[in-house]
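S.K.: Okay, here's the structure, questions in a sec.
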Amino acid sequence: MATARRTLKKTFGLDDFRPGQAEIIASVLAGRDTLAVMPTGAGKSLCYQVPALILPGTTLVVSPLISLMKDQMDKLAELGLEVVQVNSTLTAGEETDAVEHIRSGRKEFVLTTPERLAQPEFQAAVRENPIALVVVAEGQLV
(Lines give C-alpha, C1' and ligand atoms only; values in the text may rest on other atoms or scores of the structure.)
Protein backbone atom coordinates (compact mmCIF):
# COMPACT_ATOMS: atom_id res chain seq x y z
CA MET A 1 0.00 0.00 0.00
CA ALA A 2 3.02 2.30 0.23
CA THR A 3 3.05 2.60 -3.56
CA ALA A 4 -0.67 3.37 -3.55
CA ARG A 5 -0.16 6.12 -0.97
CA ARG A 6 2.70 7.63 -3.00
CA THR A 7 0.52 7.53 -6.13
CA LEU A 8 -2.34 9.17 -4.22
CA LYS A 9 -0.07 12.01 -3.13
CA LYS A 10 1.95 12.44 -6.33
CA THR A 11 -0.88 12.22 -8.85
CA PHE A 12 -3.94 13.39 -6.96
CA GLY A 13 -2.35 15.64 -4.32
CA LEU A 14 -4.13 13.87 -1.47
CA ASP A 15 -2.51 12.91 1.82
CA ASP A 16 -4.68 9.98 2.81
CA PHE A 17 -7.46 7.71 1.66
CA ARG A 18 -11.08 8.16 2.71
CA PRO A 19 -12.75 5.44 4.77
CA GLY A 20 -12.96 2.19 2.81
CA GLN A 21 -10.74 3.25 -0.09
CA ALA A 22 -7.52 1.65 1.17
CA GLU A 23 -9.20 -1.74 1.67
CA ILE A 24 -10.75 -1.64 -1.79
CA ILE A 25 -7.48 -0.61 -3.44
CA ALA A 26 -5.58 -3.33 -1.57
CA SER A 27 -8.09 -5.90 -2.83
CA VAL A 28 -7.74 -4.70 -6.42
CA LEU A 29 -3.94 -4.67 -6.22
CA ALA A 30 -4.05 -8.23 -4.84
CA GLY A 31 -5.78 -9.28 -8.05
CA ARG A 32 -9.15 -10.04 -6.48
CA ASP A 33 -12.45 -9.29 -8.17
CA THR A 34 -13.77 -6.46 -6.06
CA LEU A 35 -17.22 -4.95 -5.63
CA ALA A 36 -17.17 -1.45 -4.15
CA VAL A 37 -20.51 0.02 -3.16
CA MET A 38 -20.05 3.52 -1.80
CA PRO A 39 -22.25 6.61 -1.53
CA THR A 40 -21.98 9.48 -3.97
CA GLY A 41 -18.95 11.59 -3.19
CA ALA A 42 -17.15 8.89 -1.20
CA GLY A 43 -14.34 8.56 -3.74
CA LYS A 44 -15.21 5.43 -5.74
CA SER A 45 -13.20 6.62 -8.74
CA LEU A 46 -9.93 6.70 -6.82
CA CYS A 47 -10.52 3.04 -5.95
CA TYR A 48 -9.76 2.12 -9.56
CA GLN A 49 -7.65 5.10 -10.62
CA VAL A 50 -4.88 4.52 -8.09
CA PRO A 51 -4.47 0.80 -8.96
CA ALA A 52 -4.68 1.67 -12.66
CA LEU A 53 -1.60 3.85 -12.32
CA ILE A 54 0.30 1.12 -10.50
CA LEU A 55 -0.60 -1.92 -12.60
CA PRO A 56 0.84 -2.35 -16.10
CA GLY A 57 -1.64 -2.06 -18.93
CA THR A 58 -4.81 -0.16 -19.72
CA THR A 59 -7.82 0.24 -17.48
CA LEU A 60 -11.15 -0.21 -19.26
CA VAL A 61 -13.97 1.70 -17.54
CA VAL A 62 -17.51 0.84 -18.62
CA SER A 63 -20.28 3.25 -17.69
CA PRO A 64 -23.74 3.87 -19.10
CA LEU A 65 -23.53 7.49 -17.90
CA ILE A 66 -21.89 9.57 -20.61
CA SER A 67 -21.94 12.73 -18.47
CA LEU A 68 -20.01 10.92 -15.72
CA MET A 69 -17.61 9.57 -18.34
CA LYS A 70 -16.97 13.07 -19.69
CA ASP A 71 -16.38 14.38 -16.16
CA GLN A 72 -13.92 11.55 -15.40
CA MET A 73 -12.13 12.07 -18.70
CA ASP A 74 -11.70 15.80 -18.08
CA LYS A 75 -10.39 15.25 -14.54
CA LEU A 76 -7.91 12.57 -15.62
CA ALA A 77 -6.70 14.67 -18.56
CA GLU A 78 -6.20 17.67 -16.22
CA LEU A 79 -3.89 15.47 -14.17
CA GLY A 80 -1.85 14.74 -17.29
CA LEU A 81 -3.03 11.14 -17.58
CA GLU A 82 -3.61 9.41 -20.91
CA VAL A 83 -7.35 8.90 -21.35
CA VAL A 84 -9.76 8.35 -24.22
CA GLN A 85 -13.51 7.88 -24.40
CA VAL A 86 -15.64 5.98 -26.90
CA ASN A 87 -19.35 6.71 -26.82
CA SER A 88 -22.22 8.01 -28.92
CA THR A 89 -21.24 11.68 -28.52
CA LEU A 90 -18.20 11.27 -30.79
CA THR A 91 -18.21 12.04 -34.48
CA ALA A 92 -17.13 9.24 -36.82
CA GLY A 93 -13.69 10.84 -37.13
CA GLU A 94 -13.30 11.25 -33.37
CA GLU A 95 -14.30 7.63 -32.84
CA THR A 96 -11.79 6.45 -35.44
CA ASP A 97 -9.05 8.48 -33.71
CA ALA A 98 -10.07 7.12 -30.29
CA VAL A 99 -9.97 3.51 -31.50
CA GLU A 100 -6.52 4.11 -33.04
CA HIS A 101 -5.29 5.49 -29.70
CA ILE A 102 -6.61 2.35 -28.01
CA ARG A 103 -4.86 0.14 -30.56
CA SER A 104 -1.58 1.97 -30.02
CA GLY A 105 -1.67 1.28 -26.28
CA ARG A 106 -0.94 4.92 -25.50
CA LYS A 107 -3.88 5.36 -23.15
CA GLU A 108 -3.90 4.44 -19.47
CA PHE A 109 -7.69 4.76 -19.27
CA VAL A 110 -10.32 3.82 -21.85
CA LEU A 111 -13.81 4.99 -20.93
CA THR A 112 -16.71 3.49 -22.83
CA THR A 113 -20.37 2.56 -22.73
CA PRO A 114 -21.73 -0.98 -22.42
CA GLU A 115 -23.00 -1.08 -26.02
CA ARG A 116 -19.50 -0.45 -27.39
CA LEU A 117 -18.34 -3.70 -25.84
CA ALA A 118 -20.53 -5.55 -28.35
CA GLN A 119 -18.90 -3.90 -31.37
CA PRO A 120 -16.30 -6.15 -33.06
CA GLU A 121 -14.00 -3.26 -34.05
CA PHE A 122 -13.91 -1.97 -30.46
CA GLN A 123 -13.32 -5.49 -29.09
CA ALA A 124 -10.45 -6.00 -31.53
CA ALA A 125 -8.84 -2.69 -30.57
CA VAL A 126 -9.06 -3.44 -26.86
CA ARG A 127 -7.61 -6.94 -27.32
CA GLU A 128 -4.45 -5.55 -28.92
CA ASN A 129 -3.08 -4.35 -25.58
CA PRO A 130 -2.91 -5.75 -22.07
CA ILE A 131 -5.87 -4.80 -19.90
CA ALA A 132 -4.91 -4.26 -16.26
CA LEU A 133 -8.42 -3.66 -14.94
CA VAL A 134 -12.01 -3.74 -16.10
CA VAL A 135 -14.21 -1.41 -14.11
CA VAL A 136 -17.99 -1.22 -14.23
CA ALA A 137 -18.88 2.21 -12.92
CA GLU A 138 -22.32 3.29 -11.81
CA GLY A 139 -23.81 -0.06 -12.75
CA GLN A 140 -27.12 -1.36 -11.55
CA LEU A 141 -27.56 -4.61 -9.75
CA VAL A 142 -30.46 -6.57 -11.18
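Simple scheme: letters A, B, ... for chains in C-alpha coordinates order, numbers from 1 for residues in each chain, numbers from 1 for ligands in the order shown.
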Would you mind listing what lies within 8 Å of segment 41-58 of chain A as a VMD selection string, with only C-alpha atoms counted and same-chain residues fewer than 6 positions away left out?

M.R.: chain A and resid 3 to 4 7 to 8 18 21 to 22 24 to 25 28 to 29 105 107 to 110 129 to 133 135

S.K.: Keeping N, CA and C atoms, export the residues of the selection given above as a PDB file, in the first residue's frame.

M.R.:
```
ATOM      1  N   THR A   3       3.071   2.085  -2.189  1.00  0.00           N
ATOM      2  CA  THR A   3       3.048   2.596  -3.561  1.00  0.00           C
ATOM      3  C   THR A   3       1.730   3.302  -3.842  1.00  0.00           C
ATOM      4  N   ALA A   4       0.643   2.752  -3.358  1.00  0.00           N
ATOM      5  CA  ALA A   4      -0.668   3.374  -3.555  1.00  0.00           C
ATOM      6  C   ALA A   4      -0.720   4.739  -2.871  1.00  0.00           C
ATOM      7  N   THR A   7       1.280   7.179  -4.925  1.00  0.00           N
ATOM      8  CA  THR A   7       0.516   7.533  -6.127  1.00  0.00           C
ATOM      9  C   THR A   7      -0.599   8.508  -5.780  1.00  0.00           C
ATOM     10  N   LEU A   8      -1.273   8.285  -4.677  1.00  0.00           N
ATOM     11  CA  LEU A   8      -2.337   9.169  -4.222  1.00  0.00           C
ATOM     12  C   LEU A   8      -1.806  10.591  -4.033  1.00  0.00           C
ATOM     13  N   ARG A  18      -9.829   8.049   1.951  1.00  0.00           N
ATOM     14  CA  ARG A  18     -11.078   8.163   2.706  1.00  0.00           C
ATOM     15  C   ARG A  18     -11.425   6.788   3.254  1.00  0.00           C
ATOM     16  N   GLN A  21     -11.511   3.241   1.154  1.00  0.00           N
ATOM     17  CA  GLN A  21     -10.738   3.249  -0.088  1.00  0.00           C
ATOM     18  C   GLN A  21      -9.499   2.356  -0.012  1.00  0.00           C
ATOM     19  N   ALA A  22      -8.758   2.423   1.064  1.00  0.00           N
ATOM     20  CA  ALA A  22      -7.517   1.645   1.171  1.00  0.00           C
ATOM     21  C   ALA A  22      -7.798   0.156   1.079  1.00  0.00           C
ATOM     22  N   ILE A  24     -10.334  -1.323  -0.411  1.00  0.00           N
ATOM     23  CA  ILE A  24     -10.754  -1.640  -1.786  1.00  0.00           C
ATOM     24  C   ILE A  24      -9.532  -1.671  -2.702  1.00  0.00           C
ATOM     25  N   ILE A  25      -8.677  -0.682  -2.592  1.00  0.00           N
ATOM     26  CA  ILE A  25      -7.478  -0.607  -3.436  1.00  0.00           C
ATOM     27  C   ILE A  25      -6.564  -1.797  -3.162  1.00  0.00           C
ATOM     28  N   VAL A  28      -7.982  -4.782  -4.971  1.00  0.00           N
ATOM     29  CA  VAL A  28      -7.736  -4.701  -6.423  1.00  0.00           C
ATOM     30  C   VAL A  28      -6.280  -5.021  -6.731  1.00  0.00           C
ATOM     31  N   LEU A  29      -5.368  -4.429  -5.981  1.00  0.00           N
ATOM     32  CA  LEU A  29      -3.940  -4.673  -6.225  1.00  0.00           C
ATOM     33  C   LEU A  29      -3.540  -6.116  -5.951  1.00  0.00           C
ATOM     34  N   GLY A 105      -2.043   1.530 -27.667  1.00  0.00           N
ATOM     35  CA  GLY A 105      -1.665   1.275 -26.285  1.00  0.00           C
ATOM     36  C   GLY A 105      -1.168   2.508 -25.557  1.00  0.00           C
ATOM     37  N   LYS A 107      -2.943   4.840 -24.141  1.00  0.00           N
ATOM     38  CA  LYS A 107      -3.877   5.361 -23.152  1.00  0.00           C
ATOM     39  C   LYS A 107      -3.894   4.494 -21.904  1.00  0.00           C
ATOM     40  N   GLU A 108      -3.833   5.147 -20.751  1.00  0.00           N
ATOM     41  CA  GLU A 108      -3.902   4.438 -19.471  1.00  0.00           C
ATOM     42  C   GLU A 108      -5.345   4.077 -19.133  1.00  0.00           C
ATOM     43  N   PHE A 109      -6.275   4.950 -19.572  1.00  0.00           N
ATOM     44  CA  PHE A 109      -7.693   4.757 -19.275  1.00  0.00           C
ATOM     45  C   PHE A 109      -8.495   4.811 -20.566  1.00  0.00           C
ATOM     46  N   VAL A 110      -9.362   3.828 -20.750  1.00  0.00           N
ATOM     47  CA  VAL A 110     -10.320   3.823 -21.852  1.00  0.00           C
ATOM     48  C   VAL A 110     -11.700   3.809 -21.216  1.00  0.00           C
ATOM     49  N   ASN A 129      -3.950  -4.795 -26.661  1.00  0.00           N
ATOM     50  CA  ASN A 129      -3.082  -4.352 -25.578  1.00  0.00           C
ATOM     51  C   ASN A 129      -3.495  -5.017 -24.279  1.00  0.00           C
ATOM     52  N   PRO A 130      -2.553  -5.148 -23.349  1.00  0.00           N
ATOM     53  CA  PRO A 130      -2.911  -5.754 -22.069  1.00  0.00           C
ATOM     54  C   PRO A 130      -3.880  -4.863 -21.296  1.00  0.00           C
ATOM     55  N   ILE A 131      -4.902  -5.488 -20.742  1.00  0.00           N
ATOM     56  CA  ILE A 131      -5.865  -4.796 -19.902  1.00  0.00           C
ATOM     57  C   ILE A 131      -5.524  -5.110 -18.447  1.00  0.00           C
ATOM     58  N   ALA A 132      -5.247  -4.075 -17.675  1.00  0.00           N
ATOM     59  CA  ALA A 132      -4.909  -4.255 -16.264  1.00  0.00           C
ATOM     60  C   ALA A 132      -6.167  -4.445 -15.428  1.00  0.00           C
ATOM     61  N   LEU A 133      -7.176  -3.631 -15.690  1.00  0.00           N
ATOM     62  CA  LEU A 133      -8.418  -3.664 -14.938  1.00  0.00           C
ATOM     63  C   LEU A 133      -9.604  -3.440 -15.849  1.00  0.00           C
ATOM     64  N   VAL A 135     -13.414  -2.055 -15.139  1.00  0.00           N
ATOM     65  CA  VAL A 135     -14.211  -1.412 -14.108  1.00  0.00           C
ATOM     66  C   VAL A 135     -15.617  -1.177 -14.656  1.00  0.00           C
TER      67      VAL A 135
END
```

S.K.: List the spatial neighbours of segment 66-79 of chain A as a PyMOL selection string - criterion: any atom at most 10 Å away, only C-alpha atoms, same-chain residues fewer than 3 positions off excluded.

M.R.: chain A and resi 11-13+45+49+61-63+82-89+108-113+137-138

S.K.: As an exercise, work out the distance from atom CA of Thr91 of chain A to atom CA of Pro64 of chain A in Å and give it to one decimal place.

M.R.: 18.3 Å

S.K.: Going by DSSP on the backbone, which bits of chain A are alpha helix (DSSP H)? Write them as number ranges by chain, please.

M.R.: A: 2-12, 21-29, 44-54, 66-78, 92-104, 120-127

S.K.: If you run DSSP on the backbone, which residues of chain A are strand (DSSP E or B), as a VMD selection string?

M.R.: chain A and resid 58 to 62 83 to 86 109 to 112 131 to 136

S.K.: Nearest to Glu23 of chain A: which of A:Met38, A:Ala118, A:Ala124, A:Met1 is it, counting only C-alpha atoms?

M.R.: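 For Glu23 of chain A, the nearest of the given residues is A:Met1.
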
S.K.: Closest to Val37 of chain A among A:Val136, A:Ser104, A:Gly93, A:Ala2, using only C-alpha atoms?

M.R.: A:Val136

S.K.: Calculated over only C-alpha atoms, which of the candidates A:Lys9, A:Val99, A:Gln123, A:Gly20 has the smallest distance to Leu35 of chain A?

M.R.: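 Nearest to Leu35 of chain A: A:Gly20.
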
S.K.: Which is closer to Gly31 of chain A than all the others in A:Glu115, A:Val134, A:Pro19, A:Arg127, using only C-alpha atoms?

M.R.: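 The answer is A:Val134, which sits nearest to Gly31 of chain A.
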
S.K.: Figure out the distance between atom CA of Arg32 of chain A and atom CA of Ile102 of chain A, please, to one decimal in Å.

M.R.: 25.0 Å
